[in-house]
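work-v8.cif (mmCIF, C-alpha atoms) appears below.
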data_input
#
loop_
_atom_site.group_PDB
_atom_site.id
_atom_site.type_symbol
_atom_site.label_atom_id
_atom_site.label_comp_id
_atom_site.auth_asym_id
_atom_site.auth_seq_id
_atom_site.Cartn_x
_atom_site.Cartn_y
_atom_site.Cartn_z
ATOM 1 C CA MET Y 1 -7.745 3.426 11.438
ATOM 2 C CA LYS Y 2 -4.945 3.964 13.949
ATOM 3 C CA GLU Y 3 -2.797 6.032 11.603
ATOM 4 C CA LEU Y 4 -3.668 8.440 8.768
ATOM 5 C CA SER Y 5 -0.930 6.708 6.776
ATOM 6 C CA LEU Y 6 -3.202 3.643 6.707
ATOM 7 C CA ASN Y 7 -6.073 5.755 5.332
ATOM 8 C CA ILE Y 8 -3.665 6.999 2.648
ATOM 9 C CA LEU Y 9 -2.752 3.418 1.734
ATOM 10 C CA ASP Y 10 -6.431 2.435 1.643
ATOM 11 C CA VAL Y 11 -7.707 5.394 -0.396
ATOM 12 C CA ALA Y 12 -4.767 5.362 -2.834
ATOM 13 C CA LYS Y 13 -5.718 1.764 -3.631
ATOM 14 C CA ASN Y 14 -8.989 3.131 -5.043
ATOM 15 C CA SER Y 15 -6.873 5.085 -7.548
ATOM 16 C CA VAL Y 16 -4.994 1.905 -8.473
ATOM 17 C CA LYS Y 17 -8.317 0.125 -8.948
ATOM 18 C CA ALA Y 18 -9.544 2.989 -11.147
ATOM 19 C CA GLY Y 19 -6.754 2.159 -13.597
ATOM 20 C CA ALA Y 20 -4.582 5.203 -12.868
ATOM 21 C CA SER Y 21 -1.135 5.419 -14.424
ATOM 22 C CA LEU Y 22 0.000 8.139 -12.011
ATOM 23 C CA VAL Y 23 -1.147 8.554 -8.414
ATOM 24 C CA LYS Y 24 -0.095 11.704 -6.558
ATOM 25 C CA ILE Y 25 -0.051 11.672 -2.782
ATOM 26 C CA GLU Y 26 0.523 15.060 -1.216
ATOM 27 C CA ILE Y 27 0.639 15.953 2.460
ATOM 28 C CA ASP Y 28 0.683 19.661 3.185
ATOM 29 C CA GLU Y 29 1.430 20.451 6.786
ATOM 30 C CA THR Y 30 1.444 23.737 8.694
ATOM 31 C CA ASP Y 31 1.751 24.198 12.452
ATOM 32 C CA GLU Y 32 -2.043 23.958 12.780
ATOM 33 C CA THR Y 33 -3.312 21.930 9.827
ATOM 34 C CA LEU Y 34 -2.559 18.850 7.797
ATOM 35 C CA ARG Y 35 -4.050 18.291 4.360
ATOM 36 C CA ILE Y 36 -3.863 14.976 2.533
ATOM 37 C CA THR Y 37 -4.604 15.079 -1.196
ATOM 38 C CA ILE Y 38 -4.677 11.976 -3.357
ATOM 39 C CA SER Y 39 -5.153 12.619 -7.054
ATOM 40 C CA ASP Y 40 -5.126 10.213 -9.957
ATOM 41 C CA ASP Y 41 -5.675 9.954 -13.700
ATOM 42 C CA GLY Y 42 -7.894 6.896 -13.393
ATOM 43 C CA CYS Y 43 -11.348 6.363 -14.898
ATOM 44 C CA GLY Y 44 -13.063 8.753 -12.473
ATOM 45 C CA MET Y 45 -16.599 8.536 -11.133
ATOM 46 C CA LYS Y 46 -19.961 9.448 -12.623
ATOM 47 C CA PRO Y 47 -21.772 12.323 -10.840
ATOM 48 C CA ASP Y 48 -24.396 9.988 -9.296
ATOM 49 C CA PHE Y 49 -21.728 7.641 -7.865
ATOM 50 C CA LEU Y 50 -19.686 10.600 -6.649
ATOM 51 C CA GLN Y 51 -22.702 11.962 -4.782
ATOM 52 C CA ASN Y 52 -23.017 8.762 -2.735
ATOM 53 C CA VAL Y 53 -19.345 7.950 -2.354
ATOM 54 C CA THR Y 54 -19.153 8.863 1.360
ATOM 55 C CA ASP Y 55 -22.050 6.501 2.095
ATOM 56 C CA PRO Y 56 -20.689 3.268 3.643
ATOM 57 C CA PHE Y 57 -23.182 1.282 1.579
ATOM 58 C CA CYS Y 58 -21.673 2.576 -1.630
ATOM 59 C CA THR Y 59 -18.728 0.405 -2.656
ATOM 60 C CA THR Y 60 -16.887 -1.155 -5.564
ATOM 61 C CA ARG Y 61 -16.062 -4.284 -3.622
ATOM 62 C CA THR Y 62 -17.787 -7.475 -4.645
ATOM 63 C CA THR Y 63 -17.440 -9.573 -1.491
ATOM 64 C CA ARG Y 64 -20.007 -7.497 0.409
ATOM 65 C CA ALA Y 65 -22.001 -4.309 -0.002
ATOM 66 C CA VAL Y 66 -20.117 -2.184 2.523
ATOM 67 C CA GLY Y 67 -17.179 0.108 1.795
ATOM 68 C CA LEU Y 68 -15.668 1.951 4.731
ATOM 69 C CA GLY Y 69 -12.521 3.507 3.253
ATOM 70 C CA ILE Y 70 -13.891 6.921 2.311
ATOM 71 C CA PRO Y 71 -16.428 7.151 5.190
ATOM 72 C CA LEU Y 72 -13.619 6.444 7.710
ATOM 73 C CA LEU Y 73 -11.376 9.141 6.251
ATOM 74 C CA LYS Y 74 -14.301 11.601 6.299
ATOM 75 C CA LEU Y 75 -15.078 10.807 9.941
ATOM 76 C CA GLN Y 76 -11.443 11.162 10.986
ATOM 77 C CA ALA Y 77 -11.163 14.569 9.233
ATOM 78 C CA GLU Y 78 -14.468 15.880 10.580
ATOM 79 C CA GLN Y 79 -13.760 14.851 14.164
ATOM 80 C CA THR Y 80 -10.856 17.336 14.174
ATOM 81 C CA GLY Y 81 -13.075 20.106 12.747
ATOM 82 C CA GLY Y 82 -11.781 19.438 9.227
ATOM 83 C CA GLU Y 83 -13.483 18.185 6.092
ATOM 84 C CA LEU Y 84 -13.296 15.777 3.175
ATOM 85 C CA THR Y 85 -13.829 16.856 -0.414
ATOM 86 C CA ILE Y 86 -13.858 14.695 -3.522
ATOM 87 C CA SER Y 87 -14.054 15.815 -7.118
ATOM 88 C CA SER Y 88 -14.028 13.509 -10.095
ATOM 89 C CA LYS Y 89 -14.278 13.475 -13.871
ATOM 90 C CA HIS Y 90 -15.442 10.249 -15.478
ATOM 91 C CA ILE Y 91 -13.643 9.032 -18.573
ATOM 92 C CA ASP Y 92 -16.920 8.873 -20.568
ATOM 93 C CA ASP Y 93 -17.614 12.563 -19.988
ATOM 94 C CA HIS Y 94 -14.000 13.776 -20.021
ATOM 95 C CA PRO Y 95 -12.022 11.487 -22.350
ATOM 96 C CA GLU Y 96 -8.913 13.713 -22.305
ATOM 97 C CA ASP Y 97 -8.797 14.808 -18.698
ATOM 98 C CA HIS Y 98 -10.275 12.295 -16.261
ATOM 99 C CA GLY Y 99 -9.518 11.209 -12.724
ATOM 100 C CA THR Y 100 -10.322 11.799 -9.095
ATOM 101 C CA VAL Y 101 -9.028 14.166 -6.419
ATOM 102 C CA THR Y 102 -9.692 13.264 -2.785
ATOM 103 C CA SER Y 103 -8.645 15.826 -0.226
ATOM 104 C CA ALA Y 104 -8.946 15.702 3.564
ATOM 105 C CA LEU Y 105 -8.220 18.574 5.924
ATOM 106 C CA PHE Y 106 -7.305 17.934 9.567
ATOM 107 C CA TYR Y 107 -6.718 20.261 12.505
ATOM 108 C CA LYS Y 108 -3.600 18.755 14.025
ATOM 109 C CA ASN Y 109 -3.957 20.105 17.540
ATOM 110 C CA HIS Y 110 -7.476 18.765 18.044
ATOM 111 C CA ILE Y 111 -7.651 16.073 20.718
ATOM 112 C CA ASP Y 112 -9.267 13.645 18.237
ATOM 113 C CA MET Y 113 -6.494 14.019 15.632
ATOM 114 C CA THR Y 114 -5.345 10.637 14.324
ATOM 115 C CA PRO Y 115 -1.519 10.506 14.182
ATOM 116 C CA LEU Y 116 -0.015 10.445 10.696
ATOM 117 C CA GLY Y 117 2.071 7.354 11.468
ATOM 118 C CA ASP Y 118 4.370 5.495 9.092
ATOM 119 C CA VAL Y 119 3.728 7.075 5.679
ATOM 120 C CA CYS Y 120 6.967 5.563 4.333
ATOM 121 C CA GLY Y 121 5.503 2.138 5.055
ATOM 122 C CA SER Y 122 2.364 3.015 3.103
ATOM 123 C CA VAL Y 123 4.245 4.436 0.110
ATOM 124 C CA VAL Y 124 6.471 1.357 -0.078
ATOM 125 C CA THR Y 125 3.433 -0.935 0.259
ATOM 126 C CA LEU Y 126 1.677 0.878 -2.602
ATOM 127 C CA ILE Y 127 4.730 0.539 -4.849
ATOM 128 C CA GLN Y 128 5.140 -3.144 -3.910
ATOM 129 C CA GLY Y 129 1.483 -3.785 -4.745
ATOM 130 C CA SER Y 130 1.476 -1.917 -8.074
ATOM 131 C CA PRO Y 131 5.019 -1.792 -9.454
ATOM 132 C CA ASP Y 132 3.813 -0.881 -12.933
ATOM 133 C CA ILE Y 133 2.088 2.366 -12.044
ATOM 134 C CA ASP Y 134 3.772 5.582 -10.971
ATOM 135 C CA PHE Y 135 3.514 7.290 -7.613
ATOM 136 C CA LEU Y 136 4.485 10.843 -6.807
ATOM 137 C CA TYR Y 137 4.788 11.457 -3.092
ATOM 138 C CA ILE Y 138 5.311 14.925 -1.645
ATOM 139 C CA HIS Y 139 5.171 15.785 2.045
ATOM 140 C CA LYS Y 140 5.541 19.492 2.812
ATOM 141 C CA THR Y 141 6.345 20.239 6.446
ATOM 142 C CA PRO Y 142 7.186 23.588 8.103
ATOM 143 C CA LYS Y 143 10.798 22.337 8.378
ATOM 144 C CA GLY Y 144 11.241 21.114 4.807
ATOM 145 C CA ASP Y 145 9.897 18.845 2.091
ATOM 146 C CA ILE Y 146 10.130 15.115 1.473
ATOM 147 C CA SER Y 147 9.510 13.739 -1.999
ATOM 148 C CA LEU Y 148 9.701 10.603 -4.082
ATOM 149 C CA ASP Y 149 8.846 10.158 -7.760
ATOM 150 C CA THR Y 150 8.835 6.588 -9.091
ATOM 151 C CA ARG Y 151 9.202 7.942 -12.653
ATOM 152 C CA GLU Y 152 12.720 9.118 -11.706
ATOM 153 C CA LEU Y 153 13.543 5.747 -10.145
ATOM 154 C CA ARG Y 154 12.229 3.930 -13.200
ATOM 155 C CA GLU Y 155 14.499 6.027 -15.407
ATOM 156 C CA VAL Y 156 17.565 5.009 -13.368
ATOM 157 C CA LEU Y 157 16.507 1.346 -13.268
ATOM 158 C CA GLY Y 158 15.902 1.428 -17.001
ATOM 159 C CA GLY Y 159 13.246 -1.272 -17.252
ATOM 160 C CA ASP Y 160 15.701 -4.019 -16.223
ATOM 161 C CA VAL Y 161 14.677 -4.099 -12.606
ATOM 162 C CA PRO Y 162 11.040 -3.808 -11.486
ATOM 163 C CA LEU Y 163 10.134 -1.411 -8.682
ATOM 164 C CA ASP Y 164 8.935 -4.292 -6.500
ATOM 165 C CA ASN Y 165 12.422 -5.805 -6.398
ATOM 166 C CA ALA Y 166 13.290 -6.270 -2.715
ATOM 167 C CA GLU Y 167 16.530 -4.267 -2.919
ATOM 168 C CA VAL Y 168 14.746 -1.404 -4.682
ATOM 169 C CA LEU Y 169 12.020 -1.371 -2.009
ATOM 170 C CA MET Y 170 14.688 -1.265 0.694
ATOM 171 C CA TRP Y 171 16.407 1.613 -1.109
ATOM 172 C CA ILE Y 172 13.096 3.519 -1.213
ATOM 173 C CA THR Y 173 12.457 2.907 2.505
ATOM 174 C CA GLU Y 174 15.935 4.085 3.474
ATOM 175 C CA ASN Y 175 15.779 7.075 1.124
ATOM 176 C CA LEU Y 176 12.467 8.247 2.625
ATOM 177 C CA ASN Y 177 13.621 7.627 6.203
ATOM 178 C CA GLU Y 178 16.770 9.660 5.578
ATOM 179 C CA GLN Y 179 14.730 12.501 4.108
ATOM 180 C CA TYR Y 180 12.474 12.449 7.186
ATOM 181 C CA ASN Y 181 15.458 12.425 9.541
ATOM 182 C CA SER Y 182 16.860 15.504 7.828
ATOM 183 C CA VAL Y 183 13.710 17.558 8.487
ATOM 184 C CA SER Y 184 12.991 16.363 12.022
ATOM 185 C CA MET F 185 21.986 9.695 1.806
ATOM 186 C CA LYS F 186 20.563 6.901 -0.376
ATOM 187 C CA SER F 187 21.501 8.337 -3.730
ATOM 188 C CA LEU F 188 20.314 7.559 -7.244
ATOM 189 C CA ALA F 189 23.842 6.232 -7.861
ATOM 190 C CA GLU F 190 23.124 3.470 -5.371
ATOM 191 C CA LEU F 191 19.931 2.684 -7.228
ATOM 192 C CA ALA F 192 21.935 2.440 -10.448
ATOM 193 C CA ALA F 193 24.277 0.042 -8.623
ATOM 194 C CA ILE F 194 21.310 -2.211 -7.847
ATOM 195 C CA ARG F 195 20.519 -2.250 -11.559
ATOM 196 C CA GLU F 196 24.130 -3.225 -12.341
ATOM 197 C CA ARG F 197 24.041 -6.027 -9.778
ATOM 198 C CA MET F 198 20.753 -7.385 -11.159
ATOM 199 C CA LYS F 199 21.972 -7.351 -14.742
ATOM 200 C CA ASP F 200 23.284 -10.888 -14.726
ATOM 201 C CA ARG F 201 20.379 -12.295 -12.791
ATOM 202 C CA VAL F 202 17.001 -13.219 -14.087
ATOM 203 C CA VAL F 203 14.636 -10.883 -12.315
ATOM 204 C CA LEU F 204 11.440 -12.679 -11.509
ATOM 205 C CA ARG F 205 8.175 -10.885 -12.058
ATOM 206 C CA GLU F 206 4.966 -11.436 -10.201
ATOM 207 C CA GLY F 207 3.516 -14.932 -10.353
ATOM 208 C CA GLN F 208 6.657 -16.722 -11.499
ATOM 209 C CA GLY F 209 7.693 -18.230 -8.172
ATOM 210 C CA ASP F 210 6.601 -21.718 -7.117
ATOM 211 C CA ILE F 211 4.986 -20.383 -3.969
ATOM 212 C CA ARG F 212 2.663 -17.406 -3.883
ATOM 213 C CA VAL F 213 2.002 -15.540 -0.627
ATOM 214 C CA VAL F 214 -1.087 -13.328 -0.897
ATOM 215 C CA VAL F 215 -1.861 -10.727 1.758
ATOM 216 C CA GLY F 216 -5.385 -9.243 2.021
ATOM 217 C CA MET F 217 -4.992 -5.473 1.770
ATOM 218 C CA ALA F 218 -8.519 -4.031 1.560
ATOM 219 C CA THR F 219 -9.847 -1.556 4.162
ATOM 220 C CA CYS F 220 -10.566 -4.436 6.572
ATOM 221 C CA GLY F 221 -7.064 -5.912 6.287
ATOM 222 C CA ILE F 222 -5.295 -2.555 6.501
ATOM 223 C CA ALA F 223 -7.311 -1.525 9.585
ATOM 224 C CA ALA F 224 -6.515 -4.855 11.267
ATOM 225 C CA GLY F 225 -2.751 -4.484 10.723
ATOM 226 C CA ALA F 226 -1.960 -6.040 7.334
ATOM 227 C CA ARG F 227 0.689 -3.481 6.357
ATOM 228 C CA PRO F 228 3.380 -4.647 8.820
ATOM 229 C CA VAL F 229 2.490 -8.273 7.969
ATOM 230 C CA LEU F 230 3.093 -7.611 4.273
ATOM 231 C CA SER F 231 6.381 -5.796 5.029
ATOM 232 C CA ALA F 232 7.509 -8.728 7.183
ATOM 233 C CA PHE F 233 6.877 -11.132 4.284
ATOM 234 C CA VAL F 234 8.553 -8.901 1.663
ATOM 235 C CA GLU F 235 11.659 -8.339 3.811
ATOM 236 C CA GLY F 236 11.730 -11.830 5.308
ATOM 237 C CA VAL F 237 11.494 -13.617 1.953
ATOM 238 C CA ALA F 238 14.336 -11.484 0.529
ATOM 239 C CA ASN F 239 16.523 -11.926 3.619
ATOM 240 C CA ALA F 240 15.953 -15.700 3.664
ATOM 241 C CA GLY F 241 17.120 -15.854 0.037
ATOM 242 C CA LEU F 242 13.743 -17.188 -1.080
ATOM 243 C CA SER F 243 13.053 -14.512 -3.728
ATOM 244 C CA ASP F 244 13.460 -16.977 -6.602
ATOM 245 C CA LYS F 245 10.947 -19.372 -5.101
ATOM 246 C CA VAL F 246 8.408 -17.175 -3.320
ATOM 247 C CA THR F 247 6.346 -14.264 -4.681
ATOM 248 C CA VAL F 248 4.597 -11.930 -2.250
ATOM 249 C CA THR F 249 1.515 -10.137 -3.597
ATOM 250 C CA GLN F 250 -1.427 -8.103 -2.326
ATOM 251 C CA THR F 251 -5.099 -8.669 -2.905
ATOM 252 C CA GLY F 252 -8.400 -7.034 -1.980
ATOM 253 C CA CYS F 253 -10.978 -8.258 0.487
ATOM 254 C CA ILE F 254 -10.950 -12.054 0.815
ATOM 255 C CA GLY F 255 -14.386 -11.987 2.483
ATOM 256 C CA ILE F 256 -13.533 -13.061 6.034
ATOM 257 C CA CYS F 257 -12.940 -9.601 7.521
ATOM 258 C CA GLN F 258 -13.256 -10.806 11.139
ATOM 259 C CA TYR F 259 -10.108 -12.924 10.651
ATOM 260 C CA GLU F 260 -7.928 -10.170 9.179
ATOM 261 C CA PRO F 261 -5.018 -9.819 8.641
ATOM 262 C CA VAL F 262 -5.437 -12.855 6.374
ATOM 263 C CA VAL F 263 -2.570 -14.417 4.404
ATOM 264 C CA GLU F 264 -3.030 -17.179 1.838
ATOM 265 C CA VAL F 265 -0.186 -19.406 0.687
ATOM 266 C CA PHE F 266 -0.568 -21.075 -2.707
ATOM 267 C CA GLU F 267 1.816 -23.791 -3.809
ATOM 268 C CA ALA F 268 1.492 -25.809 -6.994
ATOM 269 C CA GLY F 269 0.084 -29.267 -6.321
ATOM 270 C CA LYS F 270 -0.752 -28.508 -2.693
ATOM 271 C CA GLU F 271 -3.870 -27.346 -0.922
ATOM 272 C CA LYS F 272 -4.106 -23.619 -0.162
ATOM 273 C CA VAL F 273 -3.121 -22.667 3.388
ATOM 274 C CA THR F 274 -5.038 -19.747 4.953
ATOM 275 C CA TYR F 275 -3.397 -17.990 7.904
ATOM 276 C CA VAL F 276 -5.588 -15.701 10.004
ATOM 277 C CA LYS F 277 -5.124 -12.902 12.582
ATOM 278 C CA MET F 278 -1.541 -12.545 11.434
ATOM 279 C CA THR F 279 1.179 -10.346 12.914
ATOM 280 C CA ALA F 280 4.707 -9.532 11.748
ATOM 281 C CA ASP F 281 6.127 -12.014 14.279
ATOM 282 C CA LYS F 282 3.822 -14.798 13.106
ATOM 283 C CA ALA F 283 4.883 -13.955 9.536
ATOM 284 C CA LYS F 284 8.535 -14.536 10.452
ATOM 285 C CA GLU F 285 7.609 -17.935 11.852
ATOM 286 C CA VAL F 286 5.642 -18.839 8.700
ATOM 287 C CA ILE F 287 8.636 -17.888 6.524
ATOM 288 C CA GLU F 288 10.959 -20.043 8.602
ATOM 289 C CA LYS F 289 8.750 -23.117 9.099
ATOM 290 C CA HIS F 290 6.449 -23.124 6.077
ATOM 291 C CA LEU F 291 8.126 -21.286 3.181
ATOM 292 C CA LYS F 292 11.619 -22.477 4.079
ATOM 293 C CA GLY F 293 10.871 -25.683 6.009
ATOM 294 C CA GLY F 294 7.874 -26.889 4.025
ATOM 295 C CA SER F 295 5.466 -27.503 6.905
ATOM 296 C CA PRO F 296 2.576 -25.090 7.519
ATOM 297 C CA VAL F 297 2.239 -23.569 11.002
ATOM 298 C CA ALA F 298 -1.043 -25.248 11.957
ATOM 299 C CA GLU F 299 -1.871 -23.085 14.978
ATOM 300 C CA TYR F 300 -2.130 -19.903 12.857
ATOM 301 C CA THR F 301 -4.359 -21.399 10.164
ATOM 302 C CA ILE F 302 -8.068 -20.722 9.892
ATOM 303 C CA GLY F 303 -8.852 -24.319 10.906
ATOM 304 C CA SER F 304 -7.328 -23.749 14.340
ATOM 305 C CA ASN F 305 -9.019 -20.377 14.870
ATOM 306 C CA GLN F 306 -12.716 -21.087 14.392
#
Structure translated into structure tokens:
Amino acid sequence: MKELSLNILDVAKNSVKAGASLVKIEIDETDETLRITISDDGCGMKPDFLQNVTDPFCTTRTTRAVGLGIPLLKLQAEQTGGELTISSKHIDDHPEDHGTVTSALFYKNHIDMTPLGDVCGSVVTLIQGSPDIDFLYIHKTPKGDISLDTRELREVLGGDVPLDNAEVLMWITENLNEQYNSVS
Amino acid sequence: MKSLAELAAIRERMKDRVVLREGQGDIRVVVGMATCGIAAGARPVLSAFVEGVANAGLSDKVTVTQTGCIGICQYEPVVEVFEAGKEKVTYVKMTADKAKEVIEKHLKGGSPVAEYTIGSNQ
């Protein structure tokens, strides 16, 4: 992947597929490190699946038996000296409190660091693809925070207008871009 | 700053219009957005379709959706166009610029752009 924002888009889609109603995407940045955490309240994974989830031959896709999303993110984190951790609670074992947390740590100044890229584009793409589930996006930078909560937008739109309405998507893009401009 | 008040204004504007939900348009544009598609550049292709369809005033007629892996990863980004009563058109190795052309000639004009289809790229 050319941008970490594309990994975010790819991995967050696993949360959508797991039937999550809320997907949290957090980016925590310091001068030296960048941590991406994607957490959801989806169905979670059983311990045996979780153990093999970074194996490219472990996948939920049905068109072929290769899944590269998680292995790619792991590689990109590790090549900067960072790491990938995943924890998960399956709905069968934890009926009240299930879901998955995927977290990747990167050392930003490493020569093999993948640039973060257009995260706004990924957030908007996720909302366009799954307008009925909620996304909470928080990016903490040393200069200030950027955030977007679709639950707040939904409250304003009041169920009359879906989140994948073109004007709403444009509003979200501009809102995020303006927030980024104010911390750059 | 894009304020919540502006979002409320969008709601007001939409009040008198029937807001179409997914799958209600006559034409369905489906963009492959699995790992393979995303890595090959599907995100800007999808954005080009979402923005282009709205700007061309085709929102009532065309629905843009995402799907998983279509199974022809070497041809990604792949875009399929479904239209009732017509054969499916599969565009391969798409870019945002090609998407603009497809909106203009195919979605608006009614004739598929043959050179970007899978038949011309094998």
If the PyMOL selection byres ((chain F) within 9 of (chain Y)) were run on this exact file, what residues would it hold? Put them as a compact mmCIF listing (two decimals) with C-alpha atoms, in the frame of the given file.
# COMPACT_ATOMS: atom_id res chain seq x y z
CA MET F 185 21.99 9.70 1.81
CA LYS F 186 20.56 6.90 -0.38
CA SER F 187 21.50 8.34 -3.73
CA LEU F 188 20.31 7.56 -7.24
CA ALA F 189 23.84 6.23 -7.86
CA GLU F 190 23.12 3.47 -5.37
CA LEU F 191 19.93 2.68 -7.23
CA ALA F 192 21.94 2.44 -10.45
CA ILE F 194 21.31 -2.21 -7.85
CA ARG F 195 20.52 -2.25 -11.56
CA GLU F 196 24.13 -3.22 -12.34
CA MET F 198 20.75 -7.38 -11.16
CA LYS F 199 21.97 -7.35 -14.74
CA VAL F 203 14.64 -10.88 -12.32
CA LEU F 204 11.44 -12.68 -11.51
CA ARG F 205 8.18 -10.88 -12.06
CA GLU F 206 4.97 -11.44 -10.20
CA MET F 217 -4.99 -5.47 1.77
CA ALA F 218 -8.52 -4.03 1.56
CA THR F 219 -9.85 -1.56 4.16
CA CYS F 220 -10.57 -4.44 6.57
CA ILE F 222 -5.30 -2.56 6.50
CA ALA F 223 -7.31 -1.52 9.59
CA ALA F 224 -6.52 -4.86 11.27
CA ARG F 227 0.69 -3.48 6.36
CA PRO F 228 3.38 -4.65 8.82
CA LEU F 230 3.09 -7.61 4.27
CA SER F 231 6.38 -5.80 5.03
CA VAL F 234 8.55 -8.90 1.66
CA GLU F 235 11.66 -8.34 3.81
CA VAL F 237 11.49 -13.62 1.95
CA ALA F 238 14.34 -11.48 0.53
CA SER F 243 13.05 -14.51 -3.73
CA VAL F 248 4.60 -11.93 -2.25
CA THR F 249 1.52 -10.14 -3.60
CA GLN F 250 -1.43 -8.10 -2.33
CA THR F 251 -5.10 -8.67 -2.90
CA GLY F 252 -8.40 -7.03 -1.98
CA CYS F 253 -10.98 -8.26 0.49
CA ILE F 254 -10.95 -12.05 0.82
CA GLY F 255 -14.39 -11.99 2.48
Legend entry - Residues returned when the PyMOL selection byres ((chain Y and resi 106-117) around 6) runs on this file, as an MDAnalysis selection string: chainID Y and resid 3:5 32:34 77 80 82 105 118
Inset, instruction - List the residues matched by the PyMOL selection byres ((chain Y and resi 89) around 8) in the displayed structure as a ChimeraX atom specification, ordered by chain and then by residue number. - result: /Y:43-46,87-88,90-91,93-94,97-100
Legend entry - Exercise: residues within 12 Å of coordinate (7.7, -21.0, 3.0), counting all atoms listed in the file, as a PyMOL selection string: chain F and resi 209-213+233+236-238+240-248+264-267+273+283-297
Inset, instruction - Calculate how many Å separate CA of Cys257 (chain F) from CA of Gly221 (chain F), rounding to one decimal. - result: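 If I compute the distance from CA of Cys257 (chain F) to CA of Gly221 (chain F), I get 7.0 Å.
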Legend entry - Option closest in space to Glu78 (chain Y), from Y:Ala104, Y:Arg151, Y:Ile146, Y:Thr141 [counting only C-alpha atoms]: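 For Glu78 (chain Y), the nearest of the given residues is Y:Ala104.
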Legend entry - Surrounding residues of Val263 (chain F) excluding itself and chain neighbours under 5 positions, 8 Å, only C-alpha atoms, as a list in words: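 Neighbouring residues, sequence-local ones excluded: Val213, Val214, Val215, Gly216, Thr274, Tyr275, Val276 and Met278 of chain F.
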Inset, instruction - List every protein, DNA or RNA residue with an atom no more than 8 Å from (1.1, 4.1, -6.7) in the file's coordinates, counting all atoms listed in the file, and format the result as a VMD selection string. - result: chain Y and resid 12 to 13 16 22 to 24 123 126 to 127 130 to 131 133 to 136
Legend entry - Residue with smallest distance to Ser39 (chain Y) - pool Y:Ala20, Y:Val101, Y:Pro71, Y:Asn52, counting only C-alpha atoms: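 For Ser39 (chain Y), the nearest of the candidates is Y:Val101.
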Inset, instruction - Identify which of the residues Y:Leu84, Y:Asn181, Y:Asp31, Y:Ile36 lies closest to His139 (chain Y), counting all atoms listed in the file when measuring atom-to-atom distances. - result: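 Under the stated criterion, the closest residue is Y:Ile36.
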Legend entry - Given only C-alpha atoms as the counted atoms, nearest of Y:Ser184, Y:Gln79, Y:Ser15, Y:Thr102 to Gly42 (chain Y):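 The closest residue to Gly42 (chain Y) is Y:Ser15.
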